[in-house]
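Below is one structure, written out as structure tokens; the observations come after it.
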Amino acid sequence: MNKGRRGAESSNHRVRIGGQDGEVLDCTIAIYTPREKGKYPAIQFQHGFAQRVSDYSEFLNCLAQRGFVVVAPQMYSYGFRTLLPGGSPSPNAEGLWVRRFTAWLCDGSELHKLLPKGIHADPRTVFLVGHSRGAQACWLSLDRRLPFPPVPPPAIRAACGVDPVEGSPDAMGRLAPVLFRDAADKVDLSCPSLVLGASAGGQGPFPAAPPGHNYEEFAEKTVPQPRLTVVPSTGHLDICMDDPRTLFTRVQRCVVERGANPRASRLQAAGLVASFCESVARGARRPHLGQGSSGRDVLVGLPK
């Protein structure tokens, strides 16, 4: 067990989660918890395409410090291996496994064995949070139009997409729609949602969150209408910590636009997600971020 800064702890575990069709999700999960004993709401975090859960350690640690039990599965491989055939699941398959993992988390019997003594996750108060393609997987898992079981548990209180990306690459590398296949297509989550947009996510020669597939689509085509906040001077991968030891990270640095102060943006995003989830957990009729009453907030004044 690793002690986090300012009252959070983290640990890694291997779990096997079976489905009714006989398929098994065998994955590593990272768990971040507050240090003080008690019962806390749970956050299930879904990583972005080709990313490692460990890339999000500072972001997830911040959520735990705010009073959440954070559980983050490594859904598939990372780095260059995801670009190979079979290196990552189809969007629908990923959405299915997000649902199954949520059911496992809400059951709580196995998770309880992995938590520190005196720490309990409330199975009736669970939030889905995803970054990039992970946000798409969260939306898919809550989309009742899709025909795969199990049905999302009623314990899901809200969903948060951090610079979400919609679509799946076709043979030419272009993003083909998955959630929003036409102009009138909408996804009913049946719960409140927050969409965080990175202002620079669609910029650069290789935009990671290109226009037409980014936070604007999610904000426009999600029901009920989500809370949309755009964080200025922020890149798509600023939520992740850089690991210069890996070639994949060094390549990402070259091709994906970064913000002016990635760490400040990362901490800001964690604070916004935590505030939104806290507001929902308190039963607020209209969840807020402490940034005013409008449905679209543009944050300014990130620390240097």
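Residue numbering restarts at 1 for every chain of the structure tokens, chains are lettered A, B, ... in their displayed order, and ligands are numbered from 1 as they appear.
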
**OP:** With a distance cut-off of 10 Å and only C-alpha atoms, select the neighbouring residues of Gln225 in chain A, excluding the residue or stretch itself and same-chain residues fewer than 2 positions from it, and output the selection as a list in words.
**Re:** Asp188, Leu189, Cys191, Pro192, Ser193, Leu194, Val195, Phe218, Ala219, Glu220, Lys221, Thr222, Val223, Arg227, Leu228 and Gly295 of chain A

Original post:
Got a sec to tell me which of range 142-199 of chain A DSSP assigns to strand (DSSP E), as a ChimeraX atom specification?
Top reply: /A:156-162,168-169,175-176,187-188,193-198

Counting only C-alpha atoms, what are the residues of range 71-153 of chain A within 6 Å of range 39-52 of chain A, and for each of them which pair of atoms is the nearest and at what distance in Å, to one decimal? Sort the table by chain and rising number, as a tab-separated table.
residue	atom	partner	partner_atom	distance
A:Val71	CA	A:Gln44	CA	5.0
A:Ala72	CA	A:Phe45	CA	4.7
A:Tyr78	CA	A:Ala50	CA	4.2
A:Gly79	CA	A:Ala50	CA	4.9
A:Thr82	CA	A:Ala50	CA	5.8
A:His120	CA	A:Lys39	CA	4.5
A:Ala121	CA	A:Tyr40	CA	5.1
A:Asp122	CA	A:Pro41	CA	5.1
A:Thr125	CA	A:Pro41	CA	5.2
A:Val126	CA	A:Ala42	CA	4.8
A:Phe127	CA	A:Ile43	CA	4.7
A:Leu128	CA	A:Gln44	CA	5.1
A:Val129	CA	A:Phe45	CA	4.8
A:Gly130	CA	A:Gln46	CA	4.4
A:His131	CA	A:Gly48	CA	5.1
A:Ser132	CA	A:Gly48	CA	4.9
A:Arg133	CA	A:Gly48	CA	5.0
A:Gly134	CA	A:Gln46	CA	4.7

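Residues in contact range of Ala30 in chain A, defined as at most 10 Å between only C-alpha atoms, with sequence neighbours fewer than 4 positions away removed, read Ser10, Ser11, Asn12, His13, Arg14, Phe45, Val53, Ser54, Ser57, Leu60, Val70, Val71, Ala72, Pro73 and Gln74 of chain A.
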
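A straight line drawn from CA of Glu58 in chain A to CA of Arg263 in chain A is 9.0 Å long.
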
**OP:** Looking only at helix (DSSP H, G or I) from DSSP on the backbone, list the matching residues of range 26-179 of chain A as an MDAnalysis selection string.
**Re:** chainID A and resid 53:65 79:83 91:107 109:114 133:142

Original post:
Quick one: distance from CA of Val15 in chain A to CA of Leu237 in chain A in Å, one decimal?
Top reply: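 Taking CA of Val15 in chain A and CA of Leu237 in chain A, their separation equals 27.3 Å.
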
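Pairwise distance (CA of Ala135 in chain A, CA of Tyr56 in chain A) equals 14.1 Å.
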
**OP:** Give me the residues within 12 Å of Phe101 in chain A as an MDAnalysis selection string, counting only C-alpha atoms and dropping any in the same chain fewer than 5 places off.
**Re:** chainID A and resid 15:19 24:29 43:46 71:75 94:96 106:108 110:111 126 128 137:138 141 149:153

Original post:
Of the candidates A:Gly67, A:Pro34, A:Pro211, A:Pro177, which shows the shortest atom-to-atom distance to Pro91 in chain A, using only C-alpha atoms?
Top reply: A:Pro177
